[in-house]
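This report refers to the structure that appears directly beneath it.
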Amino acid sequence: MHRRTFLKTAATTTAAFSLQAFRPSAFSQRAPANSRLAIGAIGTGSQGIAILGQALASPFAQLVAVCDVDDKHAAAARARVEKTYAGKSPAATWRGCAVYRDYRELLARPDIDAVLIATPDHWHARIAVDAARAGKHIFCEKPAATTLDESRAMINAVARAGVACQIGSMQRSSPLFQRAIALARNGHLGKILSTKVGLPSSRIPDGPDHTRPDPVPSELDYELWLGPAPQRPYFEQATHHYWRHNFAFAGGSLTDWIGHHHDIAMLALGVENQLPFAIRNARATFIEGRSLFNTAKTFNFDAHYHHRAAAVIINISDKNPDGIIITGSEGEIHVTRGSIKHSTPALERILIPPWQNPLARGARGHMENFIDCALNGGEPRCPIRGSHAAVGAGHLANAAFRAGRASLDIDPQTELPINAPDAAGFLKKTYRAPWAFPA
């Protein structure tokens, strides 16, 4: 597709526990041994720099472009790329990383094979769908999207394009979390009696909020930062980092973290890749007295899932201990980042054979797994449907909180609440012109 044609189009139209193979793209038909994945990074703030660093560490990838609406972020990313490659060059110098403000210009480059997406959440779906249409493999930070219909559009676009897509729920690549999944999934805990997921409550900057808009920094294209989100004046407090605590851009701490710990709990209980059929005991307190922030400050709900002939219930709350606690008739585990606690020495001594831990197959690291799948075929450890399901529970809970409902029943076909139009209204998003929903 011609570059101008692509830019115009993008702006206006814009349960088995196994690692299933995705439909390979032309590039991923087992690349030659000396091939490297040419990568462009879109969104180079703190998290963008973190995943860019992971890609830079791979001998099978080459960072060739960075893109950010903030020129300072983009310059820092290019400097990181060039310093890294210069350190590996006999000449002790390296130039070759292009810089863009508009992601569509990066996607129009035919020599770029894959993109890393680490923008604010409200941009994920539009960029990912455009990337898939451009034939790029995709590593997208979690949560995949801000609504269920956005992540469903991403699922469809990736399937049509036949590209690899990894969501950044990197705990799936952690041996500690893999062990927890295998212990529960393979019966070592006995009958599962309860499962609790602990997530952090919202953390926002100290007040008071600015009452008047701030001047837009010269290095920031604020209009492009907003993109499809509603128009609003620039406030420094609520832009970089803290955007996640406003429903115009994200779903608060709940959706920021549910794609990590809840994702692991779902895998452990065998209910991955499905939305809950019900939300129960939903209650939340919202950030008050702050005009710039409006998401849930504290939260609690039970997500109900079908599993064989029984129902599985997972409690998600900011009051639970951080991580995942799974209690069974034969023992209990508590896993979080950096540790796993076993209730008995016998449970701790259990060795997990490889066939009971399919997530451990292939490249160990999350970024390594993505690069391997993009080059050689296969489905990454966390495809979009995994994030659609895990984060989807958070979207549904947020809808219940905002509608003041303690319970919701979910239609599995429409993925919307049944007989709850007030809650359903919070699960739809209108894109601001000229941006169009990525259908």
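In the structure tokens, the first chain shown is A, the next is B, and so on; residue numbers restart at 1 for each chain, and ligands run from 1 in the order shown.
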
Near-A:His73 list (8 Å; only C-alpha atoms; drop same-chain fewer than 4 positions) as a VMD selection string: chain A and resid 44 to 45 68 77

Residue list (alpha helix (DSSP H), DSSP) for stretch 123-353 of chain A, as a ChimeraX atom specification: /A:124-133,148-161,175-185,222-226,252-269,345-349

For stretch 337-339 of chain A: contacts at 9 Å, only C-alpha atoms, fewer than 3 positions along chain excluded, given as an NGL selection string: :A and (171 or 174 or 176-177 or 322-323 or 334)

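Taking atom CA of A:Gly270 as the reference point, atom CA of A:Phe370 is found at 23.1 Å.
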
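Comparing A:Pro421, A:Pro110, A:Pro175, A:Gly251 by their smallest distance to A:Arg364, the closest is A:Pro175 (using only C-alpha atoms).
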
Selection near A:Thr344, 10 Å with only C-alpha atoms, sequence-local residues under 3 positions removed, as an MDAnalysis selection string: chainID A and resid 330:333 341 347:349

Just-selected residues, N, CA and C atoms written as a PDB file, in the first residue's frame:
ATOM      1  N   GLU A 330      -5.796 -29.940  49.611  1.00  0.00           N
ATOM      2  CA  GLU A 330      -4.508 -30.558  49.929  1.00  0.00           C
ATOM      3  C   GLU A 330      -3.391 -29.541  50.164  1.00  0.00           C
ATOM      4  N   GLY A 331      -3.720 -28.263  50.114  1.00  0.00           N
ATOM      5  CA  GLY A 331      -2.682 -27.274  50.355  1.00  0.00           C
ATOM      6  C   GLY A 331      -3.018 -25.933  49.751  1.00  0.00           C
ATOM      7  N   GLU A 332      -2.162 -24.940  50.027  1.00  0.00           N
ATOM      8  CA  GLU A 332      -2.385 -23.566  49.588  1.00  0.00           C
ATOM      9  C   GLU A 332      -1.078 -22.970  49.070  1.00  0.00           C
ATOM     10  N   ILE A 333      -1.196 -22.131  48.058  1.00  0.00           N
ATOM     11  CA  ILE A 333      -0.045 -21.381  47.564  1.00  0.00           C
ATOM     12  C   ILE A 333      -0.399 -19.905  47.515  1.00  0.00           C
ATOM     13  N   LYS A 341       4.858 -18.980  48.075  1.00  0.00           N
ATOM     14  CA  LYS A 341       4.810 -19.619  49.384  1.00  0.00           C
ATOM     15  C   LYS A 341       3.917 -20.853  49.306  1.00  0.00           C
ATOM     16  N   LEU A 347       4.383 -29.894  49.652  1.00  0.00           N
ATOM     17  CA  LEU A 347       3.958 -29.159  48.468  1.00  0.00           C
ATOM     18  C   LEU A 347       5.146 -28.438  47.839  1.00  0.00           C
ATOM     19  N   GLU A 348       6.013 -27.905  48.664  1.00  0.00           N
ATOM     20  CA  GLU A 348       7.183 -27.186  48.165  1.00  0.00           C
ATOM     21  C   GLU A 348       8.158 -28.106  47.434  1.00  0.00           C
ATOM     22  N   ARG A 349       8.190 -29.382  47.838  1.00  0.00           N
ATOM     23  CA  ARG A 349       9.132 -30.332  47.227  1.00  0.00           C
ATOM     24  C   ARG A 349       8.662 -30.880  45.890  1.00  0.00           C
TER      25      ARG A 349
END

Test item: residues at most 10 Å from A:Glu150, only C-alpha atoms, excluding those fewer than 2 positions along its chain, as a count of residues only: 21

Residues near stretch 410-416 of chain A, cut-off 9 Å, only C-alpha atoms, skip fewer than 4 positions along chain, as a ChimeraX atom specification: /A:148-149,274-279,396,420-421,423-424,427
